[in-house]
$ cat final-v7.csv   # CSV, N, CA and C atoms
chain,number,residue,atom,x,y,z
A,1,GLN,N,81.7,56.7,90.6
A,1,GLN,CA,80.8,56.4,91.6
A,1,GLN,C,80.2,57.7,92.2
A,2,LEU,N,78.9,57.7,92.3
A,2,LEU,CA,78.2,58.9,92.8
A,2,LEU,C,78.1,58.8,94.3
A,3,GLN,N,78.7,59.7,95.0
A,3,GLN,CA,78.6,59.7,96.5
A,3,GLN,C,78.9,61.1,97.0
A,4,LEU,N,78.6,61.3,98.3
A,4,LEU,CA,78.9,62.5,99.0
A,4,LEU,C,80.2,62.3,99.8
A,5,VAL,N,80.9,63.4,100.1
A,5,VAL,CA,82.1,63.4,100.8
A,5,VAL,C,82.0,64.4,102.0
A,6,GLU,N,82.2,63.9,103.2
A,6,GLU,CA,82.1,64.7,104.4
A,6,GLU,C,83.6,65.0,104.8
A,7,SER,N,83.8,66.2,105.4
A,7,SER,CA,85.1,66.6,105.9
A,7,SER,C,84.8,67.5,107.1
A,8,GLY,N,85.9,67.7,107.9
A,8,GLY,CA,85.9,68.6,109.0
A,8,GLY,C,85.8,68.0,110.4
A,9,GLY,N,85.7,66.7,110.4
A,9,GLY,CA,85.6,66.0,111.7
A,9,GLY,C,86.9,66.1,112.4
A,10,GLY,N,86.9,65.6,113.7
A,10,GLY,CA,88.2,65.6,114.4
A,10,GLY,C,87.9,65.5,115.9
A,11,LEU,N,88.9,65.7,116.7
A,11,LEU,CA,88.9,65.6,118.2
A,11,LEU,C,88.8,67.1,118.7
A,12,VAL,N,87.8,67.3,119.6
A,12,VAL,CA,87.6,68.6,120.1
A,12,VAL,C,87.3,68.5,121.6
A,13,GLN,N,87.6,69.5,122.4
A,13,GLN,CA,87.3,69.4,123.8
A,13,GLN,C,85.8,69.8,124.0
A,14,PRO,N,85.2,69.4,125.1
A,14,PRO,CA,83.8,69.9,125.4
A,14,PRO,C,83.8,71.4,125.4
A,15,GLY,N,82.7,71.9,124.8
A,15,GLY,CA,82.5,73.3,124.6
A,15,GLY,C,83.1,73.9,123.4
A,16,GLY,N,83.9,73.1,122.7
A,16,GLY,CA,84.5,73.5,121.4
A,16,GLY,C,83.6,73.5,120.2
A,17,SER,N,84.2,73.8,119.1
A,17,SER,CA,83.4,73.9,117.8
A,17,SER,C,84.1,73.1,116.7
A,18,LEU,N,83.3,72.7,115.8
A,18,LEU,CA,83.7,72.1,114.5
A,18,LEU,C,82.8,72.5,113.4
A,19,ARG,N,83.3,72.6,112.2
A,19,ARG,CA,82.4,72.8,111.1
A,19,ARG,C,82.6,71.6,110.1
A,20,LEU,N,81.5,70.9,109.8
A,20,LEU,CA,81.6,69.8,108.9
A,20,LEU,C,81.1,70.4,107.5
A,21,SER,N,81.7,69.8,106.5
A,21,SER,CA,81.3,70.1,105.1
A,21,SER,C,80.8,68.9,104.4
A,22,CYS,N,79.9,69.1,103.4
A,22,CYS,CA,79.4,68.0,102.6
A,22,CYS,C,79.4,68.4,101.2
A,23,ALA,N,80.1,67.7,100.4
A,23,ALA,CA,80.2,68.0,98.9
A,23,ALA,C,80.0,66.7,98.2
A,24,ALA,N,79.9,66.8,96.8
A,24,ALA,CA,79.7,65.6,96.0
A,24,ALA,C,80.9,65.2,95.3
A,25,SER,N,80.9,63.9,95.0
A,25,SER,CA,82.0,63.3,94.2
A,25,SER,C,81.3,62.5,93.1
A,26,GLY,N,81.6,62.8,91.8
A,26,GLY,CA,81.0,62.1,90.7
A,26,GLY,C,79.8,62.7,90.1
A,27,PHE,N,79.3,63.8,90.7
A,27,PHE,CA,78.1,64.5,90.2
A,27,PHE,C,78.1,65.9,90.8
A,28,THR,N,77.3,66.7,90.2
A,28,THR,CA,77.1,68.1,90.7
A,28,THR,C,76.0,68.2,91.7
A,29,LEU,N,76.3,68.6,92.9
A,29,LEU,CA,75.4,68.7,93.9
A,29,LEU,C,74.7,70.1,93.8
A,30,ASP,N,73.7,70.2,92.9
A,30,ASP,CA,73.0,71.4,92.7
A,30,ASP,C,72.0,71.5,93.8
A,31,LEU,N,72.2,72.4,94.7
A,31,LEU,CA,71.4,72.5,95.9
A,31,LEU,C,70.0,73.0,95.7
A,32,ASP,N,69.7,73.5,94.4
A,32,ASP,CA,68.3,73.8,94.1
A,32,ASP,C,67.5,72.5,93.8
A,33,TYR,N,68.2,71.4,93.7
A,33,TYR,CA,67.5,70.1,93.4
A,33,TYR,C,67.8,69.0,94.4
A,34,TYR,N,68.7,69.3,95.4
A,34,TYR,CA,69.0,68.3,96.4
A,34,TYR,C,68.8,68.9,97.8
A,35,ALA,N,68.0,68.2,98.6
A,35,ALA,CA,67.9,68.5,100.0
A,35,ALA,C,68.9,67.7,100.7
A,36,ILE,N,69.6,68.3,101.7
A,36,ILE,CA,70.7,67.6,102.4
A,36,ILE,C,70.4,67.4,103.8
A,37,SER,N,70.7,66.2,104.3
A,37,SER,CA,70.5,65.9,105.7
A,37,SER,C,71.8,65.4,106.3
A,38,TRP,N,71.9,65.7,107.6
A,38,TRP,CA,73.1,65.2,108.4
A,38,TRP,C,72.5,64.2,109.4
A,39,PHE,N,73.3,63.1,109.5
A,39,PHE,CA,73.0,62.0,110.4
A,39,PHE,C,74.2,61.8,111.3
A,40,ARG,N,74.0,61.1,112.4
A,40,ARG,CA,75.1,60.7,113.2
A,40,ARG,C,74.8,59.3,113.8
A,41,GLN,N,75.9,58.6,114.0
A,41,GLN,CA,75.8,57.3,114.6
A,41,GLN,C,76.9,57.1,115.6
A,42,ALA,N,76.5,57.0,116.9
A,42,ALA,CA,77.4,56.7,118.0
A,42,ALA,C,77.6,55.2,118.2
A,43,PRO,N,78.7,54.8,118.7
A,43,PRO,CA,78.9,53.3,118.9
A,43,PRO,C,77.8,52.7,119.7
A,44,GLY,N,77.2,51.6,119.2
A,44,GLY,CA,76.2,50.9,119.9
A,44,GLY,C,74.8,51.6,119.8
A,45,LYS,N,74.7,52.6,119.1
A,45,LYS,CA,73.4,53.3,119.0
A,45,LYS,C,72.9,53.3,117.5
A,46,GLU,N,71.7,53.5,117.3
A,46,GLU,CA,71.1,53.6,116.0
A,46,GLU,C,71.5,55.0,115.4
A,47,ARG,N,71.5,55.0,114.1
A,47,ARG,CA,71.7,56.3,113.4
A,47,ARG,C,70.6,57.2,113.6
A,48,GLU,N,70.8,58.5,113.8
A,48,GLU,CA,69.8,59.5,114.0
A,48,GLU,C,70.0,60.7,113.1
A,49,GLY,N,68.9,61.2,112.6
A,49,GLY,CA,68.9,62.5,111.9
A,49,GLY,C,69.2,63.6,112.8
A,50,VAL,N,70.1,64.5,112.4
A,50,VAL,CA,70.5,65.6,113.2
A,50,VAL,C,70.0,66.9,112.7
A,51,SER,N,70.1,67.2,111.5
A,51,SER,CA,69.7,68.4,110.9
A,51,SER,C,69.6,68.2,109.4
A,52,CYS,N,68.7,69.1,108.8
A,52,CYS,CA,68.6,69.0,107.3
A,52,CYS,C,68.2,70.4,106.8
A,53,ILE,N,68.4,70.5,105.5
A,53,ILE,CA,68.1,71.7,104.8
A,53,ILE,C,67.4,71.4,103.5
A,54,SER,N,66.3,72.0,103.2
A,54,SER,CA,65.6,71.6,102.0
A,54,SER,C,66.0,72.5,100.9
A,55,THR,N,65.5,72.2,99.7
A,55,THR,CA,65.8,72.9,98.5
A,55,THR,C,65.3,74.4,98.6
A,56,ASP,N,64.3,74.6,99.4
A,56,ASP,CA,63.8,76.0,99.5
A,56,ASP,C,64.5,76.8,100.7
A,57,GLY,N,65.5,76.1,101.3
A,57,GLY,CA,66.3,76.8,102.3
A,57,GLY,C,65.8,76.6,103.7
A,58,SER,N,64.6,75.9,103.9
A,58,SER,CA,64.1,75.7,105.2
A,58,SER,C,64.9,74.6,105.9
A,59,THR,N,65.0,74.7,107.2
A,59,THR,CA,65.9,73.9,108.0
A,59,THR,C,65.1,73.2,109.1
A,60,SER,N,65.8,72.1,109.6
A,60,SER,CA,65.2,71.4,110.7
A,60,SER,C,66.3,70.9,111.6
A,61,TYR,N,66.1,70.7,112.9
A,61,TYR,CA,67.1,70.2,113.8
A,61,TYR,C,66.4,69.3,114.8
A,62,VAL,N,67.2,68.3,115.2
A,62,VAL,CA,66.7,67.4,116.3
A,62,VAL,C,66.9,68.2,117.6
A,63,ASP,N,66.0,68.0,118.6
A,63,ASP,CA,66.0,68.8,119.8
A,63,ASP,C,67.3,68.9,120.5
A,64,SER,N,68.1,67.8,120.5
A,64,SER,CA,69.3,67.8,121.2
A,64,SER,C,70.4,68.7,120.7
A,65,VAL,N,70.2,69.2,119.5
A,65,VAL,CA,71.3,70.1,118.9
A,65,VAL,C,70.7,71.5,118.7
A,66,LYS,N,69.5,71.7,118.9
A,66,LYS,CA,68.9,73.1,118.7
A,66,LYS,C,69.6,74.1,119.5
A,67,GLY,N,70.0,75.2,118.9
A,67,GLY,CA,70.7,76.3,119.6
A,67,GLY,C,72.2,76.1,119.6
A,68,ARG,N,72.7,74.9,119.2
A,68,ARG,CA,74.1,74.7,119.2
A,68,ARG,C,74.6,74.4,117.8
A,69,PHE,N,73.8,73.7,116.9
A,69,PHE,CA,74.2,73.4,115.6
A,69,PHE,C,73.5,74.3,114.6
A,70,THR,N,74.2,74.6,113.5
A,70,THR,CA,73.6,75.4,112.4
A,70,THR,C,73.9,74.8,111.1
A,71,ILE,N,72.9,74.5,110.3
A,71,ILE,CA,73.1,74.0,109.0
A,71,ILE,C,73.0,75.2,108.0
A,72,SER,N,73.9,75.1,107.0
A,72,SER,CA,73.8,76.2,106.0
A,72,SER,C,74.3,75.6,104.6
A,73,ARG,N,74.1,76.4,103.6
A,73,ARG,CA,74.6,75.9,102.3
A,73,ARG,C,75.2,77.1,101.5
A,74,ASP,N,76.1,76.7,100.6
A,74,ASP,CA,76.7,77.6,99.7
A,74,ASP,C,76.4,77.1,98.3
A,75,ASN,N,75.4,77.6,97.6
A,75,ASN,CA,75.0,77.1,96.3
A,75,ASN,C,76.1,77.3,95.3
A,76,ALA,N,76.8,78.3,95.4
A,76,ALA,CA,77.9,78.5,94.4
A,76,ALA,C,79.0,77.4,94.5
A,77,LYS,N,79.2,77.0,95.7
A,77,LYS,CA,80.2,75.9,95.9
A,77,LYS,C,79.6,74.5,96.0
A,78,ASN,N,78.3,74.5,95.9
A,78,ASN,CA,77.6,73.1,95.9
A,78,ASN,C,78.0,72.4,97.2
A,79,THR,N,78.0,73.1,98.3
A,79,THR,CA,78.5,72.5,99.6
A,79,THR,C,77.5,72.9,100.7
A,80,VAL,N,77.3,72.0,101.6
A,80,VAL,CA,76.5,72.2,102.8
A,80,VAL,C,77.4,72.0,104.0
A,81,TYR,N,77.1,72.9,105.0
A,81,TYR,CA,77.9,72.9,106.2
A,81,TYR,C,77.1,72.6,107.4
A,82,LEU,N,77.7,72.1,108.4
A,82,LEU,CA,77.1,71.9,109.7
A,82,LEU,C,78.0,72.5,110.7
A,83,GLN,N,77.7,73.7,111.2
A,83,GLN,CA,78.5,74.3,112.2
A,83,GLN,C,78.0,73.8,113.6
A,84,MET,N,79.0,73.2,114.3
A,84,MET,CA,78.6,72.6,115.6
A,84,MET,C,79.4,73.4,116.7
A,85,ASN,N,78.6,74.0,117.6
A,85,ASN,CA,79.2,74.8,118.7
A,85,ASN,C,78.8,74.2,120.0
A,86,SER,N,79.5,74.6,121.1
A,86,SER,CA,79.2,74.0,122.4
A,86,SER,C,79.1,72.5,122.4
A,87,LEU,N,80.0,71.9,121.8
A,87,LEU,CA,80.0,70.4,121.7
A,87,LEU,C,80.1,69.7,123.0
A,88,LYS,N,79.4,68.6,123.1
A,88,LYS,CA,79.3,67.8,124.3
A,88,LYS,C,79.8,66.4,124.0
A,89,PRO,N,80.3,65.7,125.0
A,89,PRO,CA,80.7,64.4,124.8
A,89,PRO,C,79.7,63.5,124.1
A,90,GLU,N,78.4,63.7,124.4
A,90,GLU,CA,77.4,62.9,123.8
A,90,GLU,C,77.2,63.2,122.3
A,91,ASP,N,77.9,64.2,121.8
A,91,ASP,CA,77.8,64.5,120.3
A,91,ASP,C,78.8,63.6,119.6
A,92,THR,N,79.6,62.9,120.3
A,92,THR,CA,80.6,62.0,119.7
A,92,THR,C,79.9,60.9,118.8
A,93,ALA,N,80.3,60.9,117.6
A,93,ALA,CA,79.7,60.0,116.6
A,93,ALA,C,80.4,60.1,115.3
A,94,VAL,N,80.0,59.2,114.4
A,94,VAL,CA,80.4,59.4,113.0
A,94,VAL,C,79.2,60.1,112.3
A,95,TYR,N,79.6,61.2,111.7
A,95,TYR,CA,78.6,62.1,111.1
A,95,TYR,C,78.5,61.8,109.6
A,96,TYR,N,77.3,61.7,109.0
A,96,TYR,CA,77.1,61.4,107.6
A,96,TYR,C,76.2,62.5,107.0
A,97,CYS,N,76.5,62.8,105.8
A,97,CYS,CA,75.5,63.6,105.1
A,97,CYS,C,74.9,62.7,104.0
A,98,ALA,N,73.7,63.1,103.6
A,98,ALA,CA,72.9,62.4,102.6
A,98,ALA,C,72.1,63.4,101.8
A,99,ALA,N,71.9,63.0,100.5
A,99,ALA,CA,71.1,63.9,99.6
A,99,ALA,C,69.8,63.2,99.2
A,100,ASP,N,68.8,64.1,99.1
A,100,ASP,CA,67.5,63.7,98.6
A,100,ASP,C,67.2,64.5,97.4
A,101,ARG,N,67.2,63.8,96.2
A,101,ARG,CA,67.0,64.5,95.0
A,101,ARG,C,65.5,64.9,94.8
A,102,ARG,N,65.3,66.2,94.5
A,102,ARG,CA,64.0,66.7,94.3
A,102,ARG,C,63.8,67.0,92.8
A,103,THR,N,62.9,66.3,92.1
A,103,THR,CA,62.8,66.4,90.7
A,103,THR,C,61.6,67.3,90.2
A,104,THR,N,60.7,67.6,91.1
A,104,THR,CA,59.5,68.4,90.7
A,104,THR,C,59.4,69.7,91.5
A,105,THR,N,58.6,70.6,90.9
A,105,THR,CA,58.5,71.9,91.6
A,105,THR,C,57.8,71.7,93.0
A,106,ILE,N,56.8,70.8,93.1
A,106,ILE,CA,56.2,70.6,94.3
A,106,ILE,C,57.1,70.0,95.3
A,107,SER,N,57.9,69.0,94.9
A,107,SER,CA,58.8,68.4,95.9
A,107,SER,C,59.9,69.3,96.4
A,108,ARG,N,60.3,70.3,95.5
A,108,ARG,CA,61.3,71.2,96.0
A,108,ARG,C,60.8,72.2,97.0
A,109,ARG,N,59.5,72.3,97.2
A,109,ARG,CA,58.9,73.1,98.2
A,109,ARG,C,58.6,72.3,99.5
A,110,ALA,N,58.9,71.1,99.5
A,110,ALA,CA,58.6,70.2,100.7
A,110,ALA,C,59.7,70.4,101.7
A,111,SER,N,59.4,70.1,102.9
A,111,SER,CA,60.4,70.1,104.0
A,111,SER,C,61.4,69.0,103.8
A,112,CYS,N,62.6,69.2,104.4
A,112,CYS,CA,63.6,68.2,104.3
A,112,CYS,C,63.2,67.0,105.3
A,113,LYS,N,63.9,65.9,105.1
A,113,LYS,CA,63.5,64.6,105.8
A,113,LYS,C,64.8,63.8,106.1
A,114,TYR,N,64.5,62.7,106.8
A,114,TYR,CA,65.6,61.8,107.2
A,114,TYR,C,65.4,60.4,106.7
A,115,SER,N,64.7,60.2,105.7
A,115,SER,CA,64.5,58.9,105.1
A,115,SER,C,64.4,58.9,103.6
A,116,GLY,N,64.7,57.8,103.0
A,116,GLY,CA,64.6,57.7,101.5
A,116,GLY,C,65.6,58.5,100.8
A,117,MET,N,66.8,58.6,101.4
A,117,MET,CA,67.9,59.4,100.8
A,117,MET,C,68.4,58.7,99.5
A,118,ASP,N,68.9,59.5,98.6
A,118,ASP,CA,69.4,58.9,97.3
A,118,ASP,C,70.9,58.7,97.3
A,119,TYR,N,71.7,59.6,98.0
A,119,TYR,CA,73.1,59.4,98.0
A,119,TYR,C,73.6,59.6,99.4
A,120,TRP,N,74.7,58.9,99.8
A,120,TRP,CA,75.3,59.0,101.1
A,120,TRP,C,76.8,59.2,101.0
A,121,GLY,N,77.3,59.8,102.1
A,121,GLY,CA,78.7,59.8,102.2
A,121,GLY,C,79.2,58.7,103.1
A,122,LYS,N,80.5,58.6,103.3
A,122,LYS,CA,81.1,57.5,104.1
A,122,LYS,C,81.3,58.0,105.6
A,123,GLY,N,81.1,59.2,105.8
A,123,GLY,CA,81.1,59.7,107.2
A,123,GLY,C,82.4,60.3,107.6
A,124,THR,N,82.4,61.1,108.7
A,124,THR,CA,83.5,61.7,109.3
A,124,THR,C,83.4,61.6,110.8
A,125,GLN,N,84.5,61.3,111.5
A,125,GLN,CA,84.4,61.0,112.9
A,125,GLN,C,84.5,62.3,113.7
A,126,VAL,N,83.6,62.5,114.6
A,126,VAL,CA,83.6,63.6,115.6
A,126,VAL,C,83.8,63.1,117.0
A,127,THR,N,84.8,63.5,117.7
A,127,THR,CA,85.0,63.0,119.0
A,127,THR,C,85.2,64.2,119.9
A,128,VAL,N,84.3,64.2,120.9
A,128,VAL,CA,84.3,65.3,121.9
A,128,VAL,C,84.8,64.8,123.2
A,129,SER,N,86.0,65.1,123.6
A,129,SER,CA,86.6,64.6,124.8
A,129,SER,C,87.7,65.5,125.4
A,130,SER,N,87.8,65.5,126.7
A,130,SER,CA,88.9,66.3,127.3
A,130,SER,C,90.1,65.4,127.5
$ encode --input "final-v7.csv" --output "structure tokens"
Amino acid sequence: QLQLVESGGGLVQPGGSLRLSCAASGFTLDLDYYAISWFRQAPGKEREGVSCISTDGSTSYVDSVKGRFTISRDNAKNTVYLQMNSLKPEDTAVYYCAADRRTTTISRRASCKYSGMDYWGKGTQVTVSS
């Protein structure tokens, strides 16, 4: 089964930090050909795109996490990270990563996005509470 696997979630106090990781299971997550997006879904709320990184390395963040979260990738390890600092209780959610396969040279130059993803992970819980 082709899917992504998230790790690194947990319970942290407000102001604390966590680093989430996103890797693949069942296929090679060649980051030259996959743009990766992080989403989160809090109880009773719709899923929202948080951050993404395109195949050309360009990144994007939702306003609520700008300056606190950093997305990065390690092409050698086929892994994408989401470093989350200065965490707030409102960051509490299940965090998912998803992959968007880019098959053409033009598409690999495009910005990352939060729709039409090809593969998903099952999520990791992040709880920010004192």
$ atom_distance --input "final-v7.csv" --atom1 "atom C of Trp120 of chain A" --atom2 "atom N of Phe39 of chain A"
10.0 Å
$ residues_around --input "final-v7.csv" --residues "Glu90 of chain A" --least-positions-apart "3" --cutoff "7 Å" --atoms "all atoms listed in the file" --output "VMD selection string"
chain A and resid 87 93 128
$ closest_residue --input "final-v7.csv" --among "A:Leu29, A:Ile106, A:Cys112, A:Ala42" --to "Asn78 of chain A" --atoms "only C-alpha atoms"
A:Leu29
$ closest_residue --input "final-v7.csv" --among "A:Thr79, A:Ser130, A:Ser60, A:Thr92" --to "Val5 of chain A" --atoms "only C-alpha atoms"
A:Thr79
$ select_by_dssp --input "final-v7.csv" --residues "chain A" --states "strand (DSSP E or B)" --output "ChimeraX atom specification"
/A:3-7,10-12,18-25,34-41,48-53,59-61,69-74,79-84,93-101,119-121,124-128
$ closest_residue --input "final-v7.csv" --among "A:Ser111, A:Gly15, A:Gly10, A:Asp30" --to "Gly57 of chain A" --atoms "only C-alpha atoms"
A:Ser111
